[in-house]
file entry.txt (compact mmCIF, C-alpha atoms and all ligand atoms)
# COMPACT_ATOMS: atom_id res chain seq x y z
CA MET A 381 -9.77 -60.03 -28.22
CA CYS A 382 -7.17 -59.20 -30.87
CA GLY A 383 -4.41 -56.65 -30.21
CA VAL A 384 -5.74 -54.17 -32.85
CA CYS A 385 -9.32 -54.27 -31.39
CA LEU A 386 -7.92 -53.69 -27.88
CA GLN A 387 -5.95 -50.69 -29.19
CA GLN A 388 -9.10 -49.27 -30.89
CA LEU A 389 -11.11 -49.72 -27.70
CA THR A 390 -8.42 -47.95 -25.63
CA ASP A 391 -8.33 -45.07 -28.14
CA THR A 392 -12.14 -44.75 -28.08
CA PHE A 393 -12.16 -44.66 -24.27
CA ARG A 394 -9.36 -42.07 -24.25
CA THR A 395 -11.26 -39.87 -26.77
CA MET A 396 -14.49 -40.21 -24.79
CA TRP A 397 -12.64 -39.38 -21.57
CA LEU A 398 -11.07 -36.31 -23.13
CA MET A 399 -14.43 -35.19 -24.56
CA THR A 400 -16.16 -35.68 -21.20
CA ILE A 401 -13.48 -33.65 -19.41
CA THR A 402 -13.64 -30.89 -22.07
CA VAL A 403 -17.46 -30.74 -22.08
CA GLY A 404 -17.44 -30.80 -18.24
CA LEU A 405 -14.94 -27.94 -18.07
CA VAL A 406 -16.70 -25.83 -20.70
CA THR A 407 -20.05 -26.42 -18.91
CA LEU A 408 -18.50 -25.44 -15.57
CA VAL A 409 -17.04 -22.24 -17.04
CA LEU A 410 -20.33 -21.33 -18.75
CA VAL A 411 -22.45 -22.09 -15.67
CA THR A 412 -20.09 -20.00 -13.47
CA TRP A 413 -20.18 -17.18 -16.01
CA LEU A 414 -24.00 -17.28 -16.22
CA ARG A 415 -24.26 -17.37 -12.42
CA ASP A 416 -21.97 -14.33 -12.23
CA TYR A 417 -24.05 -12.52 -14.84
CA VAL A 418 -27.24 -13.19 -12.89
CA LYS A 419 -25.46 -11.93 -9.75
CA ARG A 420 -24.57 -8.74 -11.66
CA TRP A 421 -28.25 -7.71 -11.51
CA ARG A 422 -27.81 -7.12 -7.79
CA MET A 423 -24.57 -5.17 -8.32
CA PRO A 424 -23.77 -1.71 -9.68
CA PRO A 425 -23.74 -1.47 -13.51
CA GLY A 426 -20.59 -2.26 -15.45
CA PRO A 427 -19.21 -3.40 -18.80
CA PHE A 428 -19.65 -6.86 -20.35
CA PHE A 429 -17.17 -9.38 -18.96
CA TRP A 430 -15.79 -12.58 -20.49
CA PRO A 431 -15.65 -15.98 -18.80
CA ILE A 432 -12.46 -16.54 -16.77
CA ILE A 433 -10.67 -13.34 -17.85
CA GLY A 434 -13.51 -11.00 -16.87
CA ASN A 435 -12.37 -7.42 -17.64
CA ILE A 436 -8.64 -7.76 -17.05
CA TYR A 437 -8.01 -6.66 -20.66
CA PHE A 438 -9.01 -3.11 -19.55
CA PHE A 439 -5.95 -2.83 -17.38
CA SER A 440 -3.01 -2.93 -19.75
CA GLY A 441 -2.39 0.82 -19.26
CA ARG A 442 -2.87 3.10 -16.27
CA MET A 443 -5.63 1.61 -14.16
CA TYR A 444 -6.85 4.88 -12.69
CA THR A 445 -7.32 6.61 -16.07
CA THR A 446 -9.20 3.54 -17.36
CA CYS A 447 -11.48 3.74 -14.28
CA THR A 448 -12.03 7.48 -14.84
CA ASP A 449 -13.09 6.77 -18.44
CA LEU A 450 -15.39 3.91 -17.37
CA ALA A 451 -17.05 6.18 -14.77
CA LYS A 452 -18.10 8.54 -17.58
CA LYS A 453 -20.14 5.70 -19.06
CA TYR A 454 -21.31 3.74 -16.00
CA GLY A 455 -21.47 6.38 -13.25
CA ASP A 456 -19.58 6.97 -10.00
CA VAL A 457 -20.17 3.44 -8.70
CA PHE A 458 -19.57 0.67 -11.21
CA SER A 459 -18.70 -3.03 -11.28
CA LEU A 460 -15.83 -4.84 -12.94
CA LYS A 461 -14.64 -8.39 -13.00
CA MET A 462 -10.92 -8.86 -12.29
CA GLY A 463 -10.51 -12.42 -13.55
CA MET A 464 -13.14 -14.23 -11.46
CA THR A 465 -13.36 -11.59 -8.71
CA ASP A 466 -16.09 -8.95 -8.48
CA VAL A 467 -14.73 -5.43 -8.01
CA VAL A 468 -16.74 -2.29 -7.34
CA VAL A 469 -15.07 1.03 -8.18
CA LEU A 470 -16.01 4.25 -6.34
CA ASN A 471 -15.20 7.31 -8.35
CA SER A 472 -16.42 10.36 -6.45
CA LEU A 473 -15.85 12.06 -3.13
CA ASP A 474 -19.50 11.53 -2.10
CA THR A 475 -19.49 7.77 -2.67
CA VAL A 476 -16.07 7.35 -0.99
CA LYS A 477 -17.33 9.32 2.04
CA GLU A 478 -20.52 7.28 2.18
CA ALA A 479 -18.57 4.00 2.09
CA PHE A 480 -15.65 4.78 4.39
CA VAL A 481 -17.15 7.33 6.78
CA LYS A 482 -20.91 6.69 7.02
CA LYS A 483 -20.70 2.92 6.52
CA GLY A 484 -17.11 2.45 7.71
CA VAL A 485 -17.50 -1.03 9.22
CA ASP A 486 -19.43 -2.37 6.19
CA PHE A 487 -16.46 -1.45 3.99
CA ALA A 488 -13.61 -2.04 6.47
CA GLY A 489 -12.46 -5.43 5.11
CA ARG A 490 -9.57 -6.18 2.78
CA PRO A 491 -9.72 -8.69 -0.07
CA MET A 492 -7.30 -11.63 -0.11
CA ILE A 493 -4.65 -10.61 -2.65
CA LEU A 494 -1.71 -12.95 -2.91
CA SER A 495 1.11 -10.36 -3.04
CA MET A 496 -0.45 -8.50 -0.05
CA ASP A 497 -0.74 -11.80 1.81
CA ILE A 498 2.97 -12.50 1.23
CA PHE A 499 4.06 -8.97 2.24
CA SER A 500 1.95 -9.15 5.39
CA GLU A 501 3.26 -12.63 6.33
CA GLY A 502 -0.22 -14.14 6.16
CA GLY A 503 -2.30 -11.11 7.20
CA LYS A 504 -0.41 -9.83 10.26
CA ASP A 505 -0.14 -6.16 9.41
CA ILE A 506 -2.62 -3.26 9.42
CA ALA A 507 -2.62 -1.97 5.86
CA PHE A 508 -3.25 -5.26 3.99
CA THR A 509 -5.07 -7.36 6.55
CA ASP A 510 -8.77 -8.16 6.71
CA TYR A 511 -11.07 -6.80 9.44
CA SER A 512 -10.99 -9.00 12.58
CA PRO A 513 -10.74 -8.57 16.40
CA THR A 514 -6.93 -8.98 16.24
CA TRP A 515 -6.69 -6.42 13.45
CA LYS A 516 -8.84 -3.97 15.45
CA LEU A 517 -6.64 -4.37 18.55
CA HIS A 518 -3.46 -4.13 16.48
CA ARG A 519 -4.66 -0.94 14.76
CA LYS A 520 -5.79 0.61 18.06
CA LEU A 521 -2.40 -0.03 19.68
CA PHE A 522 -0.59 1.26 16.59
CA HIS A 523 -2.59 4.49 16.44
CA GLY A 524 -1.97 4.96 20.20
CA ALA A 525 1.78 4.40 19.69
CA ILE A 526 1.91 6.89 16.79
CA ARG A 527 -0.05 9.48 18.80
CA GLY A 528 2.17 8.89 21.84
CA TYR A 529 5.29 9.37 19.74
CA ALA A 530 4.09 12.35 17.70
CA LEU A 531 3.00 14.34 20.79
CA GLY A 532 5.26 17.30 21.38
CA GLU A 533 8.09 18.03 18.97
CA ASN A 534 9.50 14.53 18.38
CA LEU A 535 8.49 14.28 14.74
CA GLN A 536 9.40 17.87 13.88
CA THR A 537 12.88 17.32 15.37
CA LYS A 538 13.38 14.22 13.17
CA VAL A 539 12.27 16.15 10.08
CA HIS A 540 14.66 19.00 10.95
CA GLU A 541 17.62 16.66 11.57
CA SER A 542 17.11 14.84 8.27
CA LEU A 543 16.59 18.14 6.40
CA GLU A 544 19.81 19.58 7.85
CA ASP A 545 21.73 16.53 6.49
CA THR A 546 20.20 17.01 3.04
CA ILE A 547 20.79 20.78 3.00
CA ALA A 548 24.46 20.16 3.95
CA GLU A 549 24.79 17.71 1.04
CA PHE A 550 23.17 20.17 -1.40
CA THR A 551 25.42 22.98 -0.18
CA LYS A 552 28.51 20.90 -1.03
CA MET A 553 27.22 20.48 -4.59
CA GLU A 554 26.24 24.07 -5.22
CA GLY A 555 26.40 24.91 -8.93
CA GLN A 556 26.33 21.26 -10.05
CA ALA A 557 23.43 19.42 -11.72
CA VAL A 558 21.90 16.98 -9.22
CA ASP A 559 19.57 13.99 -9.60
CA LEU A 560 17.15 14.83 -6.81
CA GLU A 561 15.45 11.43 -6.65
CA VAL A 562 18.01 9.65 -4.50
CA TYR A 563 18.25 12.63 -2.11
CA ILE A 564 14.48 12.74 -1.70
CA TYR A 565 14.53 9.00 -0.96
CA LYS A 566 17.21 9.46 1.64
CA LEU A 567 15.49 12.46 3.24
CA VAL A 568 12.17 10.65 3.55
CA TYR A 569 13.73 7.34 4.65
CA ASN A 570 15.70 9.14 7.31
CA VAL A 571 12.59 10.85 8.72
CA ILE A 572 10.66 7.55 8.72
CA CYS A 573 13.58 5.42 9.98
CA SER A 574 14.49 7.81 12.77
CA ALA A 575 10.83 8.04 13.86
CA ALA A 576 10.29 4.27 13.51
CA PHE A 577 13.52 2.94 15.00
CA GLY A 578 15.88 5.80 15.67
CA VAL A 579 18.31 5.32 12.76
CA ARG A 580 19.59 7.91 10.27
CA TYR A 581 21.50 6.70 7.22
CA THR A 582 24.38 8.04 5.18
CA MET A 583 24.10 7.89 1.39
CA ASP A 584 26.35 4.80 1.05
CA ASP A 585 24.80 2.88 3.97
CA GLU A 586 24.19 -0.76 2.96
CA GLU A 587 20.87 -1.04 4.84
CA PHE A 588 19.56 2.19 3.30
CA ASN A 589 20.45 0.98 -0.19
CA THR A 590 18.87 -2.45 0.46
CA LEU A 591 15.62 -0.87 1.72
CA MET A 592 15.53 1.53 -1.23
CA LYS A 593 16.16 -1.29 -3.73
CA ILE A 594 13.44 -3.52 -2.24
CA ASN A 595 11.06 -0.57 -2.26
CA LYS A 596 11.73 0.22 -5.93
CA ASP A 597 11.66 -3.45 -7.03
CA THR A 598 8.35 -4.00 -5.23
CA GLU A 599 6.91 -0.90 -6.88
CA GLU A 600 7.96 -2.20 -10.27
CA ILE A 601 6.68 -5.76 -9.79
CA VAL A 602 3.34 -4.78 -8.23
CA GLY A 603 2.99 -1.81 -10.63
CA GLN A 604 3.09 -4.19 -13.60
CA GLY A 605 0.27 -6.27 -12.10
CA LEU A 606 0.63 -9.82 -10.89
CA LEU A 607 -1.42 -12.58 -12.53
CA ALA A 608 -1.43 -14.60 -9.28
CA ASP A 609 -3.17 -11.64 -7.56
CA VAL A 610 -6.08 -12.14 -9.95
CA TYR A 611 -5.90 -15.97 -10.01
CA PRO A 612 -4.61 -16.95 -6.54
CA SER A 613 -4.54 -20.68 -7.40
CA LEU A 614 -1.50 -19.87 -9.60
CA ARG A 615 0.42 -19.63 -6.32
CA PHE A 616 0.97 -23.39 -6.54
CA LEU A 617 2.79 -23.12 -9.88
CA PRO A 618 6.48 -22.20 -9.92
CA SER A 619 6.81 -18.45 -10.55
CA PRO A 620 10.05 -16.43 -10.56
CA THR A 621 8.07 -13.26 -9.65
CA LEU A 622 6.48 -14.85 -6.58
CA THR A 623 9.86 -16.29 -5.57
CA THR A 624 11.34 -12.77 -5.83
CA ILE A 625 8.50 -11.29 -3.72
CA ARG A 626 8.96 -13.98 -1.05
CA LYS A 627 12.72 -13.39 -1.03
CA MET A 628 12.34 -9.60 -0.79
CA THR A 629 9.76 -9.91 2.01
CA LYS A 630 12.11 -12.19 3.96
CA GLN A 631 15.03 -9.78 3.55
CA TYR A 632 12.89 -6.73 4.45
CA MET A 633 11.31 -8.38 7.49
CA GLY A 634 14.78 -9.56 8.58
CA ILE A 635 15.84 -5.90 8.83
CA MET A 636 12.64 -4.95 10.74
CA GLN A 637 13.06 -7.95 13.10
CA ARG A 638 16.67 -7.05 13.86
CA HIS A 639 15.67 -3.50 14.86
CA LEU A 640 12.80 -4.87 16.97
CA GLU A 641 15.13 -7.29 18.81
CA GLU A 642 17.72 -4.56 19.44
CA HIS A 643 14.94 -2.40 20.90
CA ARG A 644 13.70 -5.17 23.18
CA GLU A 645 17.22 -5.68 24.57
CA THR A 646 17.61 -2.00 25.46
CA PHE A 647 13.95 -1.22 26.23
CA ASP A 648 13.36 1.26 29.06
CA PRO A 649 9.66 2.14 29.70
CA SER A 650 10.66 5.48 31.22
CA ASN A 651 12.53 6.53 28.06
CA LEU A 652 10.55 5.71 24.92
CA ARG A 653 12.87 6.59 22.06
CA ASP A 654 10.78 5.97 18.95
CA ILE A 655 7.64 4.32 17.52
CA THR A 656 9.12 0.81 18.00
CA ASP A 657 9.54 1.51 21.74
CA HIS A 658 5.99 2.87 21.89
CA MET A 659 4.69 -0.31 20.17
CA ILE A 660 6.64 -2.59 22.56
CA LYS A 661 5.14 -0.66 25.48
CA ALA A 662 1.62 -0.85 24.01
CA GLN A 663 2.07 -4.62 23.58
CA LYS A 664 3.33 -5.04 27.17
CA ASP A 665 0.52 -2.85 28.59
CA ALA A 666 -2.13 -4.80 26.66
CA GLU A 667 -0.72 -8.09 28.00
CA GLU A 668 -0.63 -6.80 31.59
CA GLU A 669 -4.18 -5.45 31.33
CA GLY A 670 -5.31 -8.83 29.93
CA ILE A 671 -6.62 -7.11 26.75
CA GLN A 672 -4.79 -9.62 24.61
CA ASP A 673 -3.13 -12.94 25.05
CA ILE A 674 0.49 -13.17 23.98
CA ASN A 675 -0.40 -15.12 20.84
CA SER A 676 -2.69 -12.56 19.25
CA LEU A 677 -0.15 -9.73 18.91
CA THR A 678 3.15 -11.42 18.22
CA ASP A 679 6.53 -10.03 17.20
CA THR A 680 5.50 -10.74 13.61
CA HIS A 681 2.62 -8.27 14.11
CA LEU A 682 5.03 -5.71 15.56
CA ARG A 683 7.61 -5.97 12.78
CA GLN A 684 4.74 -5.83 10.27
CA THR A 685 3.51 -2.59 11.89
CA ILE A 686 6.95 -1.05 11.51
CA SER A 687 7.02 -2.22 7.93
CA ASP A 688 3.56 -0.59 7.37
CA ILE A 689 5.02 2.72 8.49
CA PHE A 690 7.62 2.31 5.72
CA GLY A 691 5.14 1.08 3.11
CA GLY A 692 2.62 3.80 4.00
CA GLY A 693 4.99 6.66 4.75
CA THR A 694 7.83 6.47 2.23
CA ASP A 695 6.45 6.29 -1.33
CA THR A 696 3.50 8.57 -0.57
CA THR A 697 5.77 11.30 0.83
CA ILE A 698 8.45 10.77 -1.86
CA PHE A 699 5.86 11.09 -4.66
CA THR A 700 4.29 14.15 -3.00
CA LEU A 701 7.71 15.86 -2.87
CA ARG A 702 8.53 14.89 -6.46
CA TRP A 703 5.18 16.26 -7.72
CA ALA A 704 5.78 19.43 -5.69
CA ILE A 705 9.22 19.96 -7.28
CA LEU A 706 7.80 19.35 -10.75
CA TYR A 707 4.87 21.76 -10.31
CA LEU A 708 7.07 24.45 -8.73
CA ALA A 709 9.57 24.08 -11.60
CA VAL A 710 6.90 24.53 -14.26
CA HIS A 711 5.16 27.34 -12.33
CA PRO A 712 8.05 29.65 -11.30
CA GLU A 713 5.59 32.46 -10.43
CA ILE A 714 4.09 30.24 -7.69
CA GLN A 715 7.55 29.14 -6.59
CA GLU A 716 8.46 32.81 -6.10
CA LYS A 717 5.36 33.50 -3.99
CA VAL A 718 6.03 30.45 -1.76
CA ALA A 719 9.68 31.55 -1.37
CA ALA A 720 8.59 35.11 -0.50
CA GLU A 721 6.16 33.84 2.16
CA LEU A 722 8.88 31.58 3.61
CA ASP A 723 11.33 34.49 3.70
CA SER A 724 8.88 36.82 5.43
CA VAL A 725 7.56 34.32 8.02
CA VAL A 726 10.55 32.01 8.66
CA GLY A 727 13.51 33.99 7.38
CA ARG A 728 16.81 32.35 6.41
CA ASP A 729 18.28 31.54 9.83
CA ARG A 730 16.05 28.66 10.90
CA LEU A 731 13.90 25.85 9.47
CA PRO A 732 10.09 26.11 9.18
CA GLU A 733 8.12 24.78 12.15
CA LEU A 734 4.58 23.50 12.56
CA SER A 735 3.76 26.64 14.54
CA ASP A 736 4.49 28.71 11.36
CA ARG A 737 1.69 26.97 9.51
CA GLU A 738 -1.08 29.42 10.33
CA ALA A 739 1.00 32.36 9.11
CA MET A 740 1.70 30.64 5.75
CA PRO A 741 -1.67 30.20 3.98
CA TYR A 742 -0.19 30.49 0.47
CA THR A 743 2.36 27.71 1.10
CA GLU A 744 -0.29 25.49 2.70
CA ALA A 745 -2.66 26.05 -0.25
CA THR A 746 0.18 25.17 -2.65
CA ILE A 747 0.90 21.89 -0.80
CA LEU A 748 -2.80 20.98 -0.82
CA GLU A 749 -3.03 21.78 -4.53
CA VAL A 750 0.02 19.57 -5.23
CA MET A 751 -1.72 16.72 -3.37
CA ARG A 752 -4.96 17.31 -5.27
CA MET A 753 -3.32 17.48 -8.70
CA GLY A 754 -0.59 14.84 -8.32
CA SER A 755 -1.58 11.18 -8.56
CA ILE A 756 -0.09 9.96 -5.30
CA ALA A 757 -2.36 7.05 -4.41
CA PRO A 758 -5.08 7.28 -7.06
CA LEU A 759 -6.53 3.83 -6.38
CA SER A 760 -5.92 3.90 -2.61
CA LEU A 761 -5.77 0.41 -1.10
CA PRO A 762 -8.44 -2.14 -2.00
CA HIS A 763 -11.27 -2.66 0.48
CA ALA A 764 -13.75 -5.53 0.86
CA THR A 765 -17.22 -5.44 2.39
CA THR A 766 -17.71 -7.21 5.70
CA VAL A 767 -21.50 -7.66 5.12
CA ASP A 768 -23.96 -7.36 2.23
CA THR A 769 -24.53 -3.62 1.90
CA THR A 770 -25.74 -0.83 -0.39
CA LEU A 771 -24.17 2.33 -1.74
CA SER A 772 -25.57 5.43 -3.44
CA LYS A 773 -29.02 3.78 -3.30
CA LEU A 774 -27.76 1.15 -5.80
C1 LIG B 801 1.02 12.19 1.26
C2 LIG B 801 1.09 11.28 2.18
C3 LIG B 801 0.18 10.08 2.30
C4 LIG B 801 -0.85 9.65 1.49
C5 LIG B 801 -1.37 10.27 0.20
C6 LIG B 801 -1.37 8.44 2.09
C7 LIG B 801 -2.41 7.71 1.57
C8 LIG B 801 -2.96 6.59 2.18
C9 LIG B 801 -4.10 5.84 1.69
C10 LIG B 801 -4.88 6.20 0.44
C11 LIG B 801 -4.32 4.81 2.52
C12 LIG B 801 -5.38 3.72 2.39
C13 LIG B 801 -6.56 4.06 3.23
C14 LIG B 801 -7.63 3.03 3.08
O1 LIG B 801 -7.44 1.87 3.39
O2 LIG B 801 -8.71 3.39 2.65
C15 LIG B 801 -3.31 4.88 3.57
C16 LIG B 801 -3.21 4.00 4.63
C17 LIG B 801 -2.15 3.96 5.49
N1 LIG B 801 -1.11 4.88 5.58
FE1 LIG B 801 -0.94 6.57 4.48
N2 LIG B 801 -0.64 8.16 3.23
C18 LIG B 801 0.32 9.14 3.39
C19 LIG B 801 1.25 9.23 4.39
C20 LIG B 801 1.48 8.25 5.34
C21 LIG B 801 2.55 8.28 6.34
C22 LIG B 801 3.58 9.41 6.49
C23 LIG B 801 2.46 7.11 7.05
C24 LIG B 801 3.32 6.59 8.18
C25 LIG B 801 3.75 7.24 9.17
C26 LIG B 801 1.32 6.36 6.52
C27 LIG B 801 0.90 5.14 7.00
C28 LIG B 801 -0.26 4.49 6.57
C29 LIG B 801 -0.75 3.24 7.18
C30 LIG B 801 -0.08 2.48 8.33
C31 LIG B 801 -1.94 2.90 6.49
C32 LIG B 801 -2.89 1.73 6.79
C33 LIG B 801 -3.77 2.36 7.86
C34 LIG B 801 -5.03 1.75 8.31
O3 LIG B 801 -5.67 0.96 7.59
O4 LIG B 801 -5.41 2.17 9.42
N3 LIG B 801 0.77 7.08 5.49
N4 LIG B 801 -2.51 5.98 3.35

call {"tool": "encode", "arguments": {"input": "entry.txt", "output": "structure tokens", "more": "lines below"}}
Ligand code: HEM
result
Amino acid sequence: MCGVCLQQLTDTFRTMWLMTITVGLVTLVLVTWLRDYVKRWRMPPGPFFWPIIGNIYFFSGRMYTTCTDLAKKYGDVFSLKMGMTDVVVLNSLDTVKEAFVKKGVDFAGRPMILSMDIFSEGGKDIAFTDYSPTWKLHRKLFHGAIRGYALGENLQTKVHESLEDTIAEFTKMEGQAVDLEVYIYKLVYNVICSAAFGVRYTMDDEEFNTLMKINKDTEEIVGQGLLADVYPSLRFLPSPTLTTIRKMTKQYMGIMQRHLEEHRETFDPSNLRDITDHMIKAQKDAEEEGIQDINSLTDTHLRQTISDIFGGGTDTTIFTLRWAILYLAVHPEIQEKVAAELDSVVGRDRLPELSDREAMPYTEATILEVMRMGSIAPLSLPHATTVDTTLSKL
């Protein structure tokens, strides 16, 4: 065969090969899309979705306002497609109660989301990890440890100590303009850190600044949305964002691990100092009682629990306080009434205590209203179903 004919044959084969691959891929995408559309008949109603991208184009702005708008058209339970993943959105108190209270176990799972999987070191925490026997045991021990620690006045004392530090700092700056954000961070971190592992920071403490930076960076990265969360196979491609998340997780968990090790070295079961001590005791008790073998609740689980307390307790409280300050600033008449109630019940010589709560209905109502109005965790955490189930008779 001549050289030119051989070249033509090779080109023809290459073209045919490329066409076959293209037709195969397009067919696969269309068949998957059609299959998903057929599946939609068994799911709550929702907008049209495109192959591969689904409805991700809806989420360029604020996700929770988009969902509120979609609920006006499709009802309180509607379906979306995040890339290739089916998502069901619940948009009313009744449907949320039905799912998480009445049918709690049906809806107790968590979806596999890459950034959550990295943060939780492969599903070893409570907040991001899927429903399983280890997760149930882990959560039970954690709730027991929190209850054990919060009994009595432990938590109130930590709040008072951290507040006294902040008040002293504010007093020094009387008359000056202050950026409250960093003080609120420090106040909340100090309550959480002293309850979790008995540490209170000063403003220039390196560890405090590292934790705060990781917290803010994570918020920014996850807040912008991560493509690999929607298309997990992208995890195999090089990605500066994923590298940053892995690096931040390593640094954060390094800090948690160091505190855990220091606690183990000085652990005294007759003097439980903080939540870390309570968790170590719960782990030891469970081992002694044969409830768990040593491999199912490892130190990674324990440091992840401590990290959950930070993830769950810091931003939520910081945002609640920031919303409260904003609302009180724009509603001075309410601010005055709260201040008057504080003055009459607590006075100016001591800090408020939990026992004052009943005598302060106006202040309590104001806090609840701040939580209702402010968008603190509008999308909550994602859940997954553990079985095929129904909701709102759909
Ligand atoms: C205003 C304050 C808070 C708000 C609005 C809030 C909100 C939430 C929400 C929406 C969830 C997800 C629940 C779900 O999966 O359906 C959650 C879970 C969680 N929160 Fe909070 N939270 C607050 C304070 C705290 C504090 C102070 C802590 C730590 C001491 C904390 C620790 C956790 C943990 C560990 C989880 C996962 C719990 C589990 O699945 O059992 N949260 N929180």

call {"tool": "axis_aligned_box", "arguments": {"input": "entry.txt", "around": "ligand LIG 801 (chain B)", "padding_each_side": "4 Å", "output": "lines of an AutoDock Vina configuration file"}}
result
center_x = -2.5
center_y = 6.6
center_z = 4.8
size_x = 20.5
size_y = 19.2
size_z = 17.2

call {"tool": "atom_distance", "arguments": {"input": "entry.txt", "atom1": "atom CA of A:Gly455", "atom2": "atom CA of A:Pro425"}}
result
8.2 Å

call {"tool": "atom_distance", "arguments": {"input": "entry.txt", "atom1": "atom CA of A:Val409", "atom2": "atom CA of A:Phe458"}}
result
23.8 Å

call {"tool": "residues_near_ligand", "arguments": {"input": "entry.txt", "ligand": "ligand LIG 801 (chain B)", "cutoff": "9 Å", "atoms": "only C-alpha atoms and all ligand atoms", "output": "PyMOL selection string"}}
result
chain A and resi 480+488+490+505-509+519-520+522-523+526+572+575-576+685-701+751+755-763

call {"tool": "atom_distance", "arguments": {"input": "entry.txt", "atom1": "atom CA of A:Val485", "atom2": "atom CA of A:Ser772"}}
result
16.3 Å

call {"tool": "closest_residue", "arguments": {"input": "entry.txt", "among": "A:Arg615, A:Arg580, A:Arg442, A:Arg527", "to": "A:Leu494", "atoms": "only C-alpha atoms"}}
result
A:Arg615

call {"tool": "closest_residue", "arguments": {"input": "entry.txt", "among": "A:Asp466, A:Val457, A:Leu771, A:Ala525", "to": "A:Ile660", "atoms": "all atoms listed in the file"}}
result
A:Ala525

call {"tool": "closest_residue", "arguments": {"input": "entry.txt", "among": "A:Arg394, A:Asp723, A:Leu521, A:Thr465", "to": "A:Ala666", "atoms": "all atoms listed in the file"}}
result
A:Leu521

call {"tool": "residues_around", "arguments": {"input": "entry.txt", "residues": "A:Asp545", "least_positions_apart": "6", "cutoff": "12 Å", "atoms": "all atoms listed in the file", "output": "number ranges by chain"}}
result
A: 538-539, 551-552, 563-564, 566-568, 570-571, 580-583

call {"tool": "residues_around", "arguments": {"input": "entry.txt", "residues": "A:Phe577", "least_positions_apart": "3", "cutoff": "7 Å", "atoms": "all atoms listed in the file", "output": "MDAnalysis selection string"}}
result
chainID A and resid 573:574 639 654:656

call {"tool": "residues_around", "arguments": {"input": "entry.txt", "residues": "A:His540", "least_positions_apart": "4", "cutoff": "9 Å", "atoms": "all atoms listed in the file", "output": "PDB file with C-alpha atoms, in the coordinates of the input"}}
result
ATOM      1  CA  LEU A 535       8.490  14.280  14.740  1.00  0.00           C
ATOM      2  CA  GLN A 536       9.400  17.870  13.880  1.00  0.00           C
ATOM      3  CA  GLU A 544      19.810  19.580   7.850  1.00  0.00           C
ATOM      4  CA  ASP A 545      21.730  16.530   6.490  1.00  0.00           C
ATOM      5  CA  VAL A 571      12.590  10.850   8.720  1.00  0.00           C
ATOM      6  CA  LEU A 731      13.900  25.850   9.470  1.00  0.00           C
ATOM      7  CA  PRO A 732      10.090  26.110   9.180  1.00  0.00           C
ATOM      8  CA  GLU A 733       8.120  24.780  12.150  1.00  0.00           C
TER       9      GLU A 733
END

call {"tool": "residues_around", "arguments": {"input": "entry.txt", "residues": "A:Val718", "least_positions_apart": "5", "cutoff": "9 Å", "atoms": "only C-alpha atoms", "output": "count of residues only"}}
result
6

call {"tool": "residues_around", "arguments": {"input": "entry.txt", "residues": "A:Leu708", "least_positions_apart": "6", "cutoff": "10 Å", "atoms": "all atoms listed in the file", "output": "list in words"}}
result
Arg702, Ile714, Gln715, Glu716, Val718, Thr746 and Val750 of chain A

call {"tool": "closest_residue", "arguments": {"input": "entry.txt", "among": "A:Thr769, A:Lys482, A:Met753, A:Ile493", "to": "A:Val610", "atoms": "all atoms listed in the file"}}
result
A:Ile493
